[in-house]
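**Student:** To start, I am sharing the structure in question, which I have written as C-alpha cells.
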Amino acid sequence: MNEKKEIFADGIGQIHFAGGMIRFDFVTLQPEEDGKAPVPSANIRIIMPPQGFLGAFNSMQRLIDKLVESGVLKKNSPNG
C-alpha cells in the first residue's frame, strides 16, 4: 500500500494568480500569549494551473452541495 502524506491547515490565508498559475497559501493557527487569539501562520503553498483550479473548484462545489443536502452545512442567507 502506498503511504500518503497528510497536511493539516486551518484554512487558506490567500489565493492569488501569478506567473500563469493559481497559488493557495494555507495557514495554521499558532498560539500567542495567554488570552490572545491565535495568529495565522503560512505553512504551505499549493500551485496549480487554471484548469486544475477549475476542476478542484467544481469538485468542492459538488461536495458543498452534498453537505448542504445532508444537513452538515447550512447556506447563509443573502442578508447575512
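To be explicit about the labels: the chains of the C-alpha cells are called A, B, and onward in the order shown, and within each one the residues are counted from 1, while ligands get numbers from 1 in the order they are shown.
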Running DSSP on the backbone, which parts of chain A land in helix (DSSP H, G or I), as a ChimeraX atom specification?

**Tutor:** /A:50-70

**Student:** Take the residues just selected and output them with N, CA, C and O atoms as a PDB file, in the first residue's frame.

**Tutor:**
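Final output, again_30.pdb:
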```
ATOM      1  N   PRO A  50      -4.634  27.029 -14.118  1.00  0.00           N
ATOM      2  CA  PRO A  50      -6.047  27.435 -14.048  1.00  0.00           C
ATOM      3  C   PRO A  50      -7.027  26.292 -14.296  1.00  0.00           C
ATOM      4  O   PRO A  50      -8.046  26.209 -13.623  1.00  0.00           O
ATOM      5  N   GLN A  51      -6.734  25.379 -15.220  1.00  0.00           N
ATOM      6  CA  GLN A  51      -7.656  24.278 -15.494  1.00  0.00           C
ATOM      7  C   GLN A  51      -7.761  23.348 -14.285  1.00  0.00           C
ATOM      8  O   GLN A  51      -8.829  22.857 -13.954  1.00  0.00           O
ATOM      9  N   GLY A  52      -6.648  23.116 -13.604  1.00  0.00           N
ATOM     10  CA  GLY A  52      -6.663  22.309 -12.388  1.00  0.00           C
ATOM     11  C   GLY A  52      -7.458  22.989 -11.286  1.00  0.00           C
ATOM     12  O   GLY A  52      -8.189  22.343 -10.532  1.00  0.00           O
ATOM     13  N   PHE A  53      -7.313  24.312 -11.182  1.00  0.00           N
ATOM     14  CA  PHE A  53      -8.070  25.097 -10.203  1.00  0.00           C
ATOM     15  C   PHE A  53      -9.562  24.968 -10.466  1.00  0.00           C
ATOM     16  O   PHE A  53     -10.351  24.749  -9.545  1.00  0.00           O
ATOM     17  N   LEU A  54      -9.951  25.072 -11.729  1.00  0.00           N
ATOM     18  CA  LEU A  54     -11.370  24.955 -12.081  1.00  0.00           C
ATOM     19  C   LEU A  54     -11.910  23.569 -11.723  1.00  0.00           C
ATOM     20  O   LEU A  54     -12.999  23.447 -11.158  1.00  0.00           O
ATOM     21  N   GLY A  55     -11.141  22.526 -12.012  1.00  0.00           N
ATOM     22  CA  GLY A  55     -11.565  21.172 -11.649  1.00  0.00           C
ATOM     23  C   GLY A  55     -11.706  21.019 -10.140  1.00  0.00           C
ATOM     24  O   GLY A  55     -12.665  20.411  -9.653  1.00  0.00           O
ATOM     25  N   ALA A  56     -10.752  21.571  -9.384  1.00  0.00           N
ATOM     26  CA  ALA A  56     -10.813  21.499  -7.917  1.00  0.00           C
ATOM     27  C   ALA A  56     -12.028  22.264  -7.399  1.00  0.00           C
ATOM     28  O   ALA A  56     -12.735  21.789  -6.502  1.00  0.00           O
ATOM     29  N   PHE A  57     -12.281  23.438  -7.962  1.00  0.00           N
ATOM     30  CA  PHE A  57     -13.434  24.236  -7.546  1.00  0.00           C
ATOM     31  C   PHE A  57     -14.732  23.470  -7.796  1.00  0.00           C
ATOM     32  O   PHE A  57     -15.610  23.417  -6.929  1.00  0.00           O
ATOM     33  N   ASN A  58     -14.854  22.856  -8.971  1.00  0.00           N
ATOM     34  CA  ASN A  58     -16.069  22.095  -9.286  1.00  0.00           C
ATOM     35  C   ASN A  58     -16.252  20.921  -8.329  1.00  0.00           C
ATOM     36  O   ASN A  58     -17.365  20.640  -7.882  1.00  0.00           O
ATOM     37  N   SER A  59     -15.161  20.235  -7.985  1.00  0.00           N
ATOM     38  CA  SER A  59     -15.238  19.124  -7.025  1.00  0.00           C
ATOM     39  C   SER A  59     -15.684  19.620  -5.657  1.00  0.00           C
ATOM     40  O   SER A  59     -16.512  18.989  -4.990  1.00  0.00           O
ATOM     41  N   MET A  60     -15.133  20.753  -5.220  1.00  0.00           N
ATOM     42  CA  MET A  60     -15.512  21.315  -3.917  1.00  0.00           C
ATOM     43  C   MET A  60     -16.973  21.756  -3.914  1.00  0.00           C
ATOM     44  O   MET A  60     -17.684  21.544  -2.926  1.00  0.00           O
ATOM     45  N   GLN A  61     -17.438  22.329  -5.036  1.00  0.00           N
ATOM     46  CA  GLN A  61     -18.832  22.765  -5.109  1.00  0.00           C
ATOM     47  C   GLN A  61     -19.777  21.579  -5.003  1.00  0.00           C
ATOM     48  O   GLN A  61     -20.790  21.640  -4.309  1.00  0.00           O
ATOM     49  N   ARG A  62     -19.439  20.465  -5.663  1.00  0.00           N
ATOM     50  CA  ARG A  62     -20.279  19.260  -5.565  1.00  0.00           C
ATOM     51  C   ARG A  62     -20.311  18.737  -4.130  1.00  0.00           C
ATOM     52  O   ARG A  62     -21.364  18.330  -3.638  1.00  0.00           O
ATOM     53  N   LEU A  63     -19.171  18.757  -3.450  1.00  0.00           N
ATOM     54  CA  LEU A  63     -19.133  18.306  -2.056  1.00  0.00           C
ATOM     55  C   LEU A  63     -19.946  19.239  -1.163  1.00  0.00           C
ATOM     56  O   LEU A  63     -20.691  18.780  -0.291  1.00  0.00           O
ATOM     57  N   ILE A  64     -19.839  20.545  -1.379  1.00  0.00           N
ATOM     58  CA  ILE A  64     -20.631  21.512  -0.601  1.00  0.00           C
ATOM     59  C   ILE A  64     -22.115  21.230  -0.787  1.00  0.00           C
ATOM     60  O   ILE A  64     -22.880  21.195   0.185  1.00  0.00           O
ATOM     61  N   ASP A  65     -22.530  21.001  -2.031  1.00  0.00           N
ATOM     62  CA  ASP A  65     -23.942  20.706  -2.304  1.00  0.00           C
ATOM     63  C   ASP A  65     -24.403  19.462  -1.540  1.00  0.00           C
ATOM     64  O   ASP A  65     -25.488  19.447  -0.962  1.00  0.00           O
ATOM     65  N   LYS A  66     -23.568  18.417  -1.503  1.00  0.00           N
ATOM     66  CA  LYS A  66     -23.922  17.194  -0.772  1.00  0.00           C
ATOM     67  C   LYS A  66     -23.992  17.454   0.732  1.00  0.00           C
ATOM     68  O   LYS A  66     -24.873  16.929   1.418  1.00  0.00           O
ATOM     69  N   LEU A  67     -23.070  18.263   1.258  1.00  0.00           N
ATOM     70  CA  LEU A  67     -23.077  18.563   2.692  1.00  0.00           C
ATOM     71  C   LEU A  67     -24.300  19.392   3.077  1.00  0.00           C
ATOM     72  O   LEU A  67     -24.865  19.215   4.155  1.00  0.00           O
ATOM     73  N   VAL A  68     -24.728  20.292   2.188  1.00  0.00           N
ATOM     74  CA  VAL A  68     -25.939  21.081   2.445  1.00  0.00           C
ATOM     75  C   VAL A  68     -27.156  20.159   2.418  1.00  0.00           C
ATOM     76  O   VAL A  68     -28.018  20.227   3.299  1.00  0.00           O
ATOM     77  N   GLU A  69     -27.218  19.283   1.412  1.00  0.00           N
ATOM     78  CA  GLU A  69     -28.346  18.346   1.298  1.00  0.00           C
ATOM     79  C   GLU A  69     -28.467  17.454   2.534  1.00  0.00           C
ATOM     80  O   GLU A  69     -29.575  17.147   2.978  1.00  0.00           O
ATOM     81  N   SER A  70     -27.332  17.032   3.091  1.00  0.00           N
ATOM     82  CA  SER A  70     -27.357  16.133   4.240  1.00  0.00           C
ATOM     83  C   SER A  70     -27.526  16.869   5.567  1.00  0.00           C
ATOM     84  O   SER A  70     -27.664  16.238   6.605  1.00  0.00           O
TER      85      SER A  70
END
```

**Student:** Rank A:Ala37, A:Pro49, A:Lys4, A:Thr28 by their smallest atom-to-atom distance to A:His16, using only C-alpha atoms, and report the top residue only.

**Tutor:**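 Looking only at the distances to A:His16, the closest residue turns out to be A:Pro49.
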
**Student:** Which residues come within 10 Å of A:Ile12, counting only C-alpha atoms, excluding same-chain residues fewer than 6 positions away, as a VMD selection string?

**Tutor:** chain A and resid 24 to 28 40 42 44 to 45

**Student:** Grab the residues selected above and save them as a PDB file, in the first residue's frame with all heavy atoms.

**Tutor:**
```
ATOM      1  N   PHE A  24      -2.299  28.910  -3.738  1.00  0.00           N
ATOM      2  CA  PHE A  24      -3.022  28.866  -2.467  1.00  0.00           C
ATOM      3  C   PHE A  24      -1.991  28.881  -1.345  1.00  0.00           C
ATOM      4  O   PHE A  24      -1.128  27.999  -1.294  1.00  0.00           O
ATOM      5  CB  PHE A  24      -3.792  27.548  -2.300  1.00  0.00           C
ATOM      6  CG  PHE A  24      -4.903  27.317  -3.271  1.00  0.00           C
ATOM      7  CD1 PHE A  24      -4.656  26.779  -4.519  1.00  0.00           C
ATOM      8  CD2 PHE A  24      -6.204  27.592  -2.913  1.00  0.00           C
ATOM      9  CE1 PHE A  24      -5.686  26.519  -5.403  1.00  0.00           C
ATOM     10  CE2 PHE A  24      -7.250  27.332  -3.785  1.00  0.00           C
ATOM     11  CZ  PHE A  24      -6.982  26.806  -5.031  1.00  0.00           C
ATOM     12  N   ASP A  25      -2.083  29.832  -0.438  1.00  0.00           N
ATOM     13  CA  ASP A  25      -1.242  29.845   0.754  1.00  0.00           C
ATOM     14  C   ASP A  25      -2.082  29.355   1.929  1.00  0.00           C
ATOM     15  O   ASP A  25      -3.006  30.048   2.365  1.00  0.00           O
ATOM     16  CB  ASP A  25      -0.702  31.251   1.041  1.00  0.00           C
ATOM     17  CG  ASP A  25       0.312  31.697   0.006  1.00  0.00           C
ATOM     18  OD1 ASP A  25       0.996  30.830  -0.568  1.00  0.00           O
ATOM     19  OD2 ASP A  25       0.424  32.917  -0.233  1.00  0.00           O
ATOM     20  N   PHE A  26      -1.781  28.143   2.407  1.00  0.00           N
ATOM     21  CA  PHE A  26      -2.512  27.559   3.523  1.00  0.00           C
ATOM     22  C   PHE A  26      -1.899  28.014   4.842  1.00  0.00           C
ATOM     23  O   PHE A  26      -0.684  28.226   4.923  1.00  0.00           O
ATOM     24  CB  PHE A  26      -2.488  26.032   3.433  1.00  0.00           C
ATOM     25  CG  PHE A  26      -3.355  25.498   2.321  1.00  0.00           C
ATOM     26  CD1 PHE A  26      -2.867  25.378   1.036  1.00  0.00           C
ATOM     27  CD2 PHE A  26      -4.664  25.144   2.576  1.00  0.00           C
ATOM     28  CE1 PHE A  26      -3.664  24.901   0.012  1.00  0.00           C
ATOM     29  CE2 PHE A  26      -5.476  24.662   1.565  1.00  0.00           C
ATOM     30  CZ  PHE A  26      -4.972  24.544   0.269  1.00  0.00           C
ATOM     31  N   VAL A  27      -2.738  28.171   5.861  1.00  0.00           N
ATOM     32  CA  VAL A  27      -2.275  28.643   7.165  1.00  0.00           C
ATOM     33  C   VAL A  27      -2.710  27.686   8.271  1.00  0.00           C
ATOM     34  O   VAL A  27      -3.687  26.954   8.143  1.00  0.00           O
ATOM     35  CB  VAL A  27      -2.819  30.058   7.498  1.00  0.00           C
ATOM     36  CG1 VAL A  27      -2.337  31.083   6.493  1.00  0.00           C
ATOM     37  CG2 VAL A  27      -4.329  30.079   7.583  1.00  0.00           C
ATOM     38  N   THR A  28      -1.934  27.720   9.363  1.00  0.00           N
ATOM     39  CA  THR A  28      -2.333  27.087  10.605  1.00  0.00           C
ATOM     40  C   THR A  28      -2.370  28.175  11.668  1.00  0.00           C
ATOM     41  O   THR A  28      -1.698  29.208  11.537  1.00  0.00           O
ATOM     42  CB  THR A  28      -1.346  25.975  11.044  1.00  0.00           C
ATOM     43  OG1 THR A  28      -0.040  26.521  11.103  1.00  0.00           O
ATOM     44  CG2 THR A  28      -1.371  24.809  10.085  1.00  0.00           C
ATOM     45  N   PRO A  40      -2.715  33.426  12.430  1.00  0.00           N
ATOM     46  CA  PRO A  40      -2.499  32.546  11.280  1.00  0.00           C
ATOM     47  C   PRO A  40      -1.048  32.629  10.803  1.00  0.00           C
ATOM     48  O   PRO A  40      -0.476  33.707  10.703  1.00  0.00           O
ATOM     49  CB  PRO A  40      -3.443  33.087  10.209  1.00  0.00           C
ATOM     50  CG  PRO A  40      -4.231  34.173  10.818  1.00  0.00           C
ATOM     51  CD  PRO A  40      -3.645  34.501  12.143  1.00  0.00           C
ATOM     52  N   ALA A  42       1.451  31.115   7.667  1.00  0.00           N
ATOM     53  CA  ALA A  42       1.518  30.367   6.413  1.00  0.00           C
ATOM     54  C   ALA A  42       2.440  29.168   6.596  1.00  0.00           C
ATOM     55  O   ALA A  42       3.522  29.288   7.154  1.00  0.00           O
ATOM     56  CB  ALA A  42       2.017  31.267   5.292  1.00  0.00           C
ATOM     57  N   ILE A  44       2.262  26.230   3.998  1.00  0.00           N
ATOM     58  CA  ILE A  44       2.491  25.503   2.749  1.00  0.00           C
ATOM     59  C   ILE A  44       1.794  26.240   1.610  1.00  0.00           C
ATOM     60  O   ILE A  44       0.797  26.919   1.821  1.00  0.00           O
ATOM     61  CB  ILE A  44       2.002  24.044   2.840  1.00  0.00           C
ATOM     62  CG1 ILE A  44       2.578  23.221   1.692  1.00  0.00           C
ATOM     63  CG2 ILE A  44       0.504  23.950   2.874  1.00  0.00           C
ATOM     64  CD1 ILE A  44       2.532  21.738   1.938  1.00  0.00           C
ATOM     65  N   ARG A  45       2.344  26.100   0.403  1.00  0.00           N
ATOM     66  CA  ARG A  45       1.727  26.706  -0.782  1.00  0.00           C
ATOM     67  C   ARG A  45       1.464  25.602  -1.798  1.00  0.00           C
ATOM     68  O   ARG A  45       2.312  24.762  -2.054  1.00  0.00           O
ATOM     69  CB  ARG A  45       2.653  27.750  -1.393  1.00  0.00           C
ATOM     70  CG  ARG A  45       2.113  28.325  -2.708  1.00  0.00           C
ATOM     71  CD  ARG A  45       2.994  29.407  -3.248  1.00  0.00           C
ATOM     72  NE  ARG A  45       2.756  30.611  -2.448  1.00  0.00           N
ATOM     73  CZ  ARG A  45       3.520  31.692  -2.515  1.00  0.00           C
ATOM     74  NH1 ARG A  45       4.567  31.728  -3.301  1.00  0.00           N
ATOM     75  NH2 ARG A  45       3.230  32.742  -1.776  1.00  0.00           N
TER      76      ARG A  45
END
```

**Student:** When you count only C-alpha atoms, which of these residues is closest to A:Val39: A:Arg23, A:Pro78, A:Asp10, A:Ile15?

**Tutor:**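 Closest to A:Val39, using only C-alpha atoms: A:Asp10.
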
**Student:** Taking the chain letters and numbering used in this document, name the residues of chain A that DSSP puts in strand (DSSP E), as a PyMOL selection string.

**Tutor:** chain A and resi 11-18+21-30+39-48

**Student:** Restricting the calculation to only C-alpha atoms: of A:Val72, A:Leu29, A:Ser77, A:Asp34, which residue gets closest to A:Gly11?

**Tutor:** A:Leu29
